[in-house]
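Note: the block below is structure-v3.txt and it holds compact mmCIF, C-alpha atoms.
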# COMPACT_ATOMS: atom_id res chain seq x y z
CA MET P 1 -14.51 30.31 18.36
CA THR P 2 -11.39 30.95 16.32
CA THR P 3 -11.38 31.36 12.55
CA PHE P 4 -9.38 28.12 12.29
CA VAL P 5 -11.99 26.08 14.14
CA GLU P 6 -14.78 27.74 12.13
CA TRP P 7 -12.94 26.78 8.96
CA LEU P 8 -12.54 23.18 10.16
CA LEU P 9 -16.27 23.02 10.90
CA TRP P 10 -16.98 24.38 7.42
CA VAL P 11 -14.72 21.74 5.79
CA GLU P 12 -16.58 19.02 7.69
CA SER P 13 -19.88 20.41 6.38
CA THR P 14 -18.94 20.43 2.68
CA ALA P 15 -20.77 18.09 0.31
CA LEU P 16 -17.56 16.10 -0.24
CA ALA P 17 -16.99 15.54 3.48
CA VAL P 18 -20.61 14.57 4.09
CA TRP P 19 -20.61 12.13 1.19
CA VAL P 20 -17.27 10.51 2.10
CA GLY P 21 -18.09 10.39 5.80
CA GLU P 22 -21.74 9.39 5.78
CA SER P 23 -22.42 7.37 2.64
CA ARG P 24 -22.25 3.58 2.82
CA TYR P 25 -19.00 3.16 0.89
CA GLY P 26 -17.48 6.66 0.59
CA PHE P 27 -14.91 6.30 3.34
CA GLN P 28 -14.02 2.74 2.38
CA LEU P 29 -13.55 3.86 -1.23
CA ALA P 30 -11.20 6.66 -0.14
CA LEU P 31 -9.13 4.30 2.03
CA VAL P 32 -8.89 1.66 -0.71
CA LEU P 33 -7.85 4.21 -3.35
CA HIS P 34 -5.28 5.64 -0.92
CA ALA P 35 -3.77 2.19 -0.21
CA LEU P 36 -3.65 1.15 -3.89
CA SER P 37 -2.10 4.41 -5.07
CA MET P 38 0.33 4.40 -2.13
CA GLY P 39 1.52 0.94 -3.17
CA LEU P 40 2.22 2.05 -6.73
CA LEU P 41 3.72 5.44 -5.83
CA ALA P 42 5.91 4.36 -2.90
CA GLY P 43 6.66 0.94 -4.39
CA GLY P 44 7.56 2.42 -7.77
CA ASN P 45 9.89 4.89 -6.09
CA VAL P 46 11.46 2.02 -4.14
CA VAL P 47 12.25 0.34 -7.46
CA LEU P 48 13.82 3.56 -8.77
CA GLY P 49 15.78 3.90 -5.51
CA LEU P 50 17.02 0.30 -5.69
CA ARG P 51 18.19 0.80 -9.28
CA VAL P 52 20.04 4.01 -8.40
CA LEU P 53 21.63 2.06 -5.53
CA GLY P 54 22.99 -0.41 -8.07
CA VAL P 55 20.43 -3.25 -7.93
CA ALA P 56 19.48 -4.87 -11.27
CA PRO P 57 22.33 -3.22 -13.21
CA GLY P 58 21.01 -4.61 -16.51
CA VAL P 59 18.00 -2.28 -16.32
CA PRO P 60 18.76 0.82 -18.43
CA MET P 61 18.23 3.72 -16.03
CA ALA P 62 16.88 6.13 -18.63
CA ALA P 63 14.19 3.63 -19.67
CA LEU P 64 12.84 3.56 -16.09
CA GLN P 65 11.59 7.09 -16.69
CA ARG P 66 8.84 5.54 -18.82
CA PHE P 67 7.18 4.55 -15.54
CA TYR P 68 6.96 8.20 -14.44
CA PRO P 69 3.48 8.88 -15.89
CA TRP P 70 2.18 5.90 -13.88
CA LEU P 71 3.83 7.15 -10.72
CA TRP P 72 2.49 10.69 -11.23
CA ALA P 73 -0.98 9.25 -11.84
CA ALA P 74 -0.63 7.32 -8.56
CA ALA P 75 0.48 10.53 -6.83
CA LEU P 76 -2.61 12.31 -8.13
CA LEU P 77 -4.84 9.49 -6.91
CA CYS P 78 -3.09 9.63 -3.51
CA LEU P 79 -3.80 13.36 -3.39
CA VAL P 80 -7.47 13.03 -4.34
CA SER P 81 -8.12 10.13 -1.93
CA GLY P 82 -6.08 11.91 0.75
CA LEU P 83 -8.20 15.04 0.38
CA MET P 84 -11.33 12.87 0.64
CA LEU P 85 -10.05 11.49 3.96
CA LEU P 86 -8.87 14.90 5.13
CA SER P 87 -12.27 16.49 4.41
CA VAL P 88 -13.99 14.17 6.90
CA TYR P 89 -11.47 14.62 9.72
CA PRO P 90 -9.62 17.91 9.08
CA ALA P 91 -9.28 18.62 12.81
CA LYS P 92 -7.79 15.17 13.42
CA ALA P 93 -4.98 15.71 10.89
CA LEU P 94 -4.35 19.44 11.15
CA THR P 95 -3.83 19.38 14.93
CA ASN P 96 -1.35 16.48 14.71
CA PRO P 97 2.38 17.22 14.19
CA VAL P 98 2.81 13.72 12.75
CA PHE P 99 0.54 14.73 9.83
CA PHE P 100 2.80 17.67 8.93
CA THR P 101 5.86 15.46 9.31
CA LYS P 102 4.33 12.97 6.90
CA MET P 103 3.49 15.75 4.42
CA GLY P 104 7.05 17.05 4.65
CA LEU P 105 8.46 13.58 3.98
CA LEU P 106 6.00 13.06 1.13
CA GLY P 107 7.03 16.41 -0.40
CA LEU P 108 10.68 15.40 -0.09
CA GLY P 109 9.97 12.03 -1.73
CA LEU P 110 8.09 13.64 -4.63
CA TRP P 111 10.78 16.28 -5.05
CA CYS P 112 13.46 13.57 -5.19
CA MET P 113 11.43 11.78 -7.87
CA ALA P 114 10.97 14.94 -9.93
CA ARG P 115 14.53 16.30 -9.62
CA PRO P 116 17.61 14.36 -8.44
CA LEU P 117 16.21 10.90 -9.18
CA ALA P 118 15.07 11.93 -12.66
CA ALA P 119 18.48 13.53 -13.29
CA ARG P 120 20.35 10.38 -12.20
CA LEU P 121 18.12 8.13 -14.31
CA GLN P 122 18.76 10.42 -17.27
CA SER P 123 22.54 10.50 -16.79
CA GLY P 124 22.84 6.85 -15.75
CA GLU P 125 24.98 7.64 -12.68
CA GLN P 126 24.37 5.51 -9.60
CA SER P 127 24.29 7.03 -6.12
CA SER P 128 24.14 5.12 -2.84
CA LEU P 129 23.23 8.28 -0.96
CA LEU P 130 20.29 9.18 -3.20
CA GLY P 131 19.10 5.57 -3.60
CA GLY P 132 19.29 4.85 0.13
CA GLY P 133 17.75 8.23 0.95
CA VAL P 134 14.79 7.57 -1.34
CA LEU P 135 14.12 4.17 0.31
CA LEU P 136 14.30 5.74 3.77
CA VAL P 137 12.06 8.71 2.90
CA TRP P 138 9.28 6.51 1.48
CA ALA P 139 9.46 4.04 4.38
CA LEU P 140 9.14 6.94 6.84
CA THR P 141 6.29 8.50 4.83
CA ILE P 142 4.36 5.22 4.97
CA GLY P 143 5.09 4.76 8.68
CA GLY P 144 4.06 8.36 9.37
CA GLY P 145 0.80 7.85 7.53
CA ARG P 146 -0.03 4.70 9.46
CA LEU P 147 0.72 6.39 12.77
CA LEU P 148 -1.92 9.08 12.05
CA ALA P 149 -4.54 6.61 13.27
CA TYR P 150 -2.83 6.45 16.66
CA THR P 151 -1.41 9.92 17.34
CA HIS P 152 -4.37 12.29 16.97
CA SER P 153 -5.66 14.31 19.92
CA VAL P 154 -9.14 15.05 18.51
CA LEU P 155 -11.30 13.56 15.76
CA ARG P 156 -13.84 16.26 14.91
CA ALA P 157 -13.67 20.06 14.99
CA ILE P 158 -16.49 20.28 17.55
CA GLU P 159 -14.04 18.94 20.14
CA LEU P 160 -11.97 22.11 19.67
CA VAL P 161 -14.87 24.43 20.44
CA GLY P 162 -14.15 25.97 23.84
CA GLY P 163 -16.82 25.95 26.52
CA MET B 1 -7.65 -23.00 14.87
CA GLU B 2 -8.44 -19.89 16.86
CA ALA B 3 -7.08 -21.37 20.09
CA ALA B 4 -3.96 -22.71 18.40
CA LEU B 5 -3.14 -19.33 16.83
CA LEU B 6 -3.66 -17.53 20.12
CA ALA B 7 -1.54 -20.09 22.00
CA PHE B 8 1.22 -19.60 19.42
CA SER B 9 1.02 -15.81 19.81
CA GLU B 10 1.21 -16.03 23.59
CA ALA B 11 3.97 -18.67 23.69
CA THR B 12 6.23 -16.74 21.31
CA GLY B 13 5.78 -13.38 23.02
CA ILE B 14 4.08 -11.95 19.93
CA TYR B 15 0.91 -11.35 21.93
CA ALA B 16 2.73 -9.35 24.60
CA PHE B 17 4.50 -7.27 21.96
CA MET B 18 1.40 -6.63 19.84
CA THR B 19 -0.66 -5.52 22.84
CA SER B 20 2.08 -3.18 24.10
CA PRO B 21 1.45 0.54 23.39
CA TRP B 22 3.28 0.89 20.03
CA GLY B 23 3.54 -2.75 19.01
CA TRP B 24 0.49 -2.90 16.74
CA PRO B 25 1.07 0.43 14.90
CA PHE B 26 4.75 -0.41 14.38
CA ILE B 27 3.96 -3.80 12.82
CA GLU B 28 1.20 -2.17 10.73
CA SER B 29 3.76 0.28 9.36
CA LEU B 30 6.05 -2.60 8.40
CA HIS B 31 3.07 -4.34 6.76
CA PHE B 32 2.41 -1.24 4.58
CA ILE B 33 6.13 -1.00 3.72
CA GLY B 34 6.12 -4.68 2.71
CA LEU B 35 3.02 -4.01 0.60
CA SER B 36 4.79 -1.21 -1.25
CA LEU B 37 7.89 -3.33 -1.85
CA LEU B 38 5.75 -6.15 -3.24
CA VAL B 39 3.49 -4.00 -5.41
CA GLY B 40 6.36 -1.83 -6.61
CA CYS B 41 8.54 -4.70 -7.80
CA VAL B 42 5.83 -7.07 -9.05
CA GLY B 43 3.58 -4.26 -10.34
CA LEU B 44 6.31 -2.62 -12.43
CA PHE B 45 7.28 -6.01 -13.86
CA ASP B 46 3.60 -6.59 -14.75
CA LEU B 47 3.38 -3.13 -16.36
CA ARG B 48 6.50 -3.95 -18.39
CA LEU B 49 4.86 -7.18 -19.61
CA LEU B 50 1.82 -5.09 -20.54
CA GLY B 51 3.98 -2.93 -22.79
CA VAL B 52 5.24 -0.04 -20.61
CA ALA B 53 8.97 0.81 -20.94
CA PRO B 54 9.69 -1.74 -23.70
CA ALA B 55 13.38 -0.71 -23.74
CA ILE B 56 13.92 -2.51 -20.42
CA PRO B 57 15.03 -6.14 -20.99
CA LEU B 58 12.69 -8.49 -19.09
CA PRO B 59 15.48 -10.66 -17.57
CA ALA B 60 17.14 -7.51 -16.14
CA LEU B 61 13.90 -6.19 -14.64
CA HIS B 62 13.21 -9.63 -13.20
CA ARG B 63 16.24 -9.15 -10.94
CA LEU B 64 13.99 -6.91 -8.83
CA ILE B 65 11.46 -9.69 -8.15
CA PRO B 66 13.44 -11.02 -5.11
CA PHE B 67 12.76 -7.65 -3.44
CA GLY B 68 9.06 -8.17 -4.10
CA VAL B 69 9.38 -11.62 -2.53
CA LEU B 70 11.12 -9.97 0.43
CA GLY B 71 8.13 -7.62 0.81
CA PHE B 72 5.78 -10.60 0.62
CA GLY B 73 7.80 -12.46 3.28
CA LEU B 74 7.74 -9.39 5.53
CA ASN B 75 3.97 -9.27 5.14
CA VAL B 76 3.50 -12.97 5.86
CA VAL B 77 5.43 -12.52 9.12
CA THR B 78 3.73 -9.26 10.14
CA GLY B 79 0.35 -10.58 8.94
CA LEU B 80 0.70 -13.68 11.11
CA MET B 81 1.46 -11.39 14.05
CA PHE B 82 -1.94 -9.65 13.58
CA VAL B 83 -3.90 -12.83 12.93
CA SER B 84 -2.41 -14.88 15.79
CA THR B 85 -2.94 -12.07 18.29
CA MET B 86 -6.64 -11.53 17.42
CA PRO B 87 -7.60 -14.66 15.45
CA ASP B 88 -11.38 -14.25 15.87
CA GLN B 89 -11.20 -10.80 14.24
CA TYR B 90 -9.73 -12.28 11.07
CA LEU B 91 -10.84 -15.88 10.62
CA TYR B 92 -14.54 -14.93 10.55
CA ASN B 93 -14.02 -11.64 8.71
CA PRO B 94 -15.37 -11.70 5.11
CA SER B 95 -12.89 -9.01 4.06
CA PHE B 96 -9.94 -11.04 5.37
CA GLN B 97 -11.33 -14.20 3.76
CA SER B 98 -11.62 -12.36 0.42
CA LYS B 99 -8.03 -11.20 0.85
CA LEU B 100 -6.84 -14.80 1.37
CA LEU B 101 -8.79 -15.90 -1.70
CA CYS B 102 -7.11 -13.16 -3.77
CA MET B 103 -3.70 -14.26 -2.42
CA LEU B 104 -4.47 -17.83 -3.46
CA LEU B 105 -5.50 -16.66 -6.95
CA ALA B 106 -2.40 -14.45 -7.23
CA GLY B 107 -0.24 -17.43 -6.21
CA LEU B 108 -1.89 -19.79 -8.71
CA ASN B 109 -1.59 -17.16 -11.44
CA MET B 110 2.11 -16.75 -10.65
CA ALA B 111 2.72 -20.53 -10.62
CA LEU B 112 1.00 -20.90 -13.99
CA PHE B 113 2.96 -17.95 -15.41
CA TYR B 114 6.32 -19.37 -14.32
CA GLY B 115 5.30 -22.89 -15.36
CA THR B 116 4.01 -22.11 -18.84
CA THR B 117 5.17 -18.72 -20.12
CA PHE B 118 8.04 -17.12 -18.21
CA GLN B 119 11.01 -18.79 -19.95
CA ALA B 120 9.57 -18.25 -23.43
CA ALA B 121 8.63 -14.62 -22.67
CA LEU B 122 12.19 -13.80 -21.57
CA GLN B 123 13.56 -14.48 -25.08
CA SER B 124 13.98 -11.26 -27.00
CA GLY B 125 12.19 -12.60 -30.09
CA ALA B 126 9.33 -14.26 -28.22
CA ALA B 127 6.33 -15.22 -30.35
CA PRO B 128 3.35 -12.82 -30.25
CA ALA B 129 1.17 -15.61 -28.82
CA VAL B 130 3.59 -15.99 -25.88
CA MET B 131 3.55 -12.25 -25.18
CA THR B 132 -0.24 -12.17 -25.36
CA ARG B 133 -0.37 -14.94 -22.76
CA ALA B 134 2.18 -13.08 -20.63
CA ARG B 135 0.03 -9.94 -20.79
CA VAL B 136 -3.01 -11.86 -19.56
CA PHE B 137 -0.96 -13.21 -16.62
CA ALA B 138 0.32 -9.69 -15.89
CA ALA B 139 -3.16 -8.15 -15.92
CA LEU B 140 -4.48 -10.90 -13.64
CA SER B 141 -1.50 -10.41 -11.31
CA LEU B 142 -2.31 -6.69 -10.97
CA LEU B 143 -5.99 -7.51 -10.44
CA PHE B 144 -5.40 -10.16 -7.75
CA TRP B 145 -2.71 -8.23 -5.84
CA GLY B 146 -4.99 -5.20 -5.99
CA GLY B 147 -7.73 -7.39 -4.52
CA VAL B 148 -5.36 -8.40 -1.71
CA ILE B 149 -4.81 -4.72 -0.87
CA VAL B 150 -8.53 -3.91 -1.01
CA GLY B 151 -9.44 -6.90 1.17
CA GLY B 152 -6.71 -6.04 3.65
CA ARG B 153 -7.59 -2.39 3.91
CA LEU B 154 -11.27 -3.12 4.57
CA ILE B 155 -10.75 -5.76 7.29
CA THR B 156 -11.53 -3.21 9.99
CA PHE B 157 -14.99 -2.48 8.50
CA TYR B 158 -16.16 -6.10 8.50
CA ARG B 159 -15.29 -7.25 11.98
CA PRO B 160 -17.23 -10.20 13.29
CA PRO B 161 -19.75 -10.74 14.72
CA TYR B 162 -21.33 -7.51 13.47
CA HIS B 163 -20.91 -8.35 9.82
CA TRP B 164 -22.42 -11.69 9.08
CA CYS B 165 -21.60 -13.41 5.80
CA PHE B 166 -23.30 -16.48 4.41
CA TRP B 167 -20.10 -18.47 4.20
CA CYS B 168 -18.86 -17.59 7.70
CA GLY B 169 -20.82 -20.42 9.36
Just dump the structure as structure tokens.
Amino acid sequence: MTTFVEWLLWVESTALAVWVGESRYGFQLALVLHALSMGLLAGGNVVLGLRVLGVAPGVPMAALQRFYPWLWAAALLCLVSGLMLLSVYPAKALTNPVFFTKMGLLGLGLWCMARPLAARLQSGEQSSLLGGGVLLVWALTIGGGRLLAYTHSVLRAIELVGG
Amino acid sequence: MEAALLAFSEATGIYAFMTSPWGWPFIESLHFIGLSLLVGCVGLFDLRLLGVAPAIPLPALHRLIPFGVLGFGLNVVTGLMFVSTMPDQYLYNPSFQSKLLCMLLAGLNMALFYGTTFQAALQSGAAPAVMTRARVFAALSLLFWGGVIVGGRLITFYRPPYHWCFWCG
């Protein structure tokens, strides 16, 4: 058995994974939190992207930054609920290239929010490229996440144990 | 109802598309994108009514609401594609029924907001009583749309006939 598979088995055996996976409402709670925080995080970024594209020109761009604490809170909730889901099925996600693609897109989306988008909101300059790019990145992140339910090759680490 | 929905799905080709290998996941992805569009636009407007980002003029921010409506429209279309393809999995599903109830409440809340408070709240010097009412509508909007998401996400855990509910008949 490789170290990687042993580590996956260990993750599945942690108290968090057991609680999320085996309690009556643990998994449902994680999914619900993930969907709610996704809506606010991705949807909020869509609004920022639309404004940078030139939609709703009467909205002062700098003032939109006041929504950032809400979006970062949503990102944190996405991370926590995502780790809850990941702890139950680490083998399912970490053997699937779509998962890493989604994480890459998510990282790009969060980086855009923290850097170029924040800079544009501050300076008040519109940008079709950045605005359109932000919309595309979040749509692909969401699509990638949904496809994780359909593209995995294994569910649990035990399936990776040779024999 | 069930038969009519299924007949519609089959006659329009929706059934064939949804049961093809990537049909269902593709439409699900669009449904989640529509969700984000709706919650992003309506949710940020609600947060603004609740006092976040007061420097943004309400009429200007309201220009984003059509994009929220677009997300809602996308989700009505994609949602009908799920429901008409597998009507029995939804019509008798307590989670789906709760979701519909939350949608109804969100719709009523919105109609009451636009009917009683919206115009007055848009004025820059709106009376405190008007803004208090607007905040109640905004909080209820967040609550009901959140309920729609919760109900939708949990549909898969309450599939009939394994999960009986007293009102499912």
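Each of P:Ala93, P:Ala73, P:Leu40, P:Leu83 was checked against Val154 (chain P) using all atoms listed in the file; the smallest atom-to-atom distance is that of P:Ala93.
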Starting from chain P, keep only residues with some atom at most 8 Å from an atom of chain B, counting only C-alpha atoms, and report them as a PyMOL selection string. chain P and resi 28+31-32+35-36+38-47+55-60+63-64+66-67+139+142-143+146-147+150
Separation of CA of Leu122 (chain B) from CA of Ala139 (chain B) in Å: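 So the two atoms, CA of Ala139 (chain B) and CA of Leu122 (chain B), lie 17.3 Å apart.
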Build an axis-aligned box that encloses every atom of region 9-24 of chain P listed in the file, pad it by 4 Å on each side, and report its centre and edge lengths in Å to one decimal, as AutoDock Vina command-line options.
--center_x -18.6 --center_y 14.0 --center_z 5.3 --size_x 15.7 --size_y 28.8 --size_z 19.1
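Pairwise distance (CA of Val136 (chain B), CA of Pro69 (chain P)) equals 22.0 Å.
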Report as a list in words all protein, DNA and RNA residues lying within 10 Å of Leu85 (chain P), evaluated on all atoms listed in the file, omitting residues in the same chain fewer than 5 positions from it.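 Final neighbour list, sorted by chain and number: Leu16, Ala17, Val20, Gly21, Gly26, Phe27, Gln28, Leu29, Ala30, Leu31, His34, Leu79, Val80, Pro90 and Ala93 of chain P.
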Would you mind listing what lies within 8 Å of Val5 (chain P) as a PyMOL selection string, with all atoms listed in the file counted and same-chain residues fewer than 3 positions away left out? chain P and resi 1-2+8-9+157+160-161
Pick from P:Leu121, P:Ala75, P:Trp10, P:Leu148, whichever lies nearest to Thr101 (chain P) using all atoms listed in the file: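 So, comparing all the options, the nearest one is P:Leu148.
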What lies within 12 Å of Arg135 (chain B) using all atoms listed in the file, ignoring chain neighbours under 2 positions off, as a list in words?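 Surrounding residues, per the criterion: Phe45, Asp46, Leu47, Arg48, Leu49, Leu50, Gly51, Val52, Asn109, Phe113, Thr117, Phe118, Ala121, Pro128, Ala129, Val130, Met131, Thr132, Arg133, Phe137, Ala138, Ala139, Leu140, Ser141 and Leu142 of chain B.
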In Å and to one decimal, CA of Val88 (chain P) is distant from CA of Pro94 (chain B) by 26.0 Å
Find the residues around Lys102 (chain P) up to 7 Å (only C-alpha atoms counted), leave out those fewer than 3 positions away in its own chain, and share them as a list in words.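 Skipping anything fewer than 3 positions along the chain leaves Val98, Phe99, Leu105, Leu106, Thr141, Gly144 and Gly145 of chain P.
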Set the distance at 10 Å and use all atoms listed in the file: which residues neighbour Ile14 (chain B) once local chain neighbours fewer than 6 positions away are removed? I'd like the list as a PyMOL selection string. chain B and resi 6+8+20+23+80-82+84-85
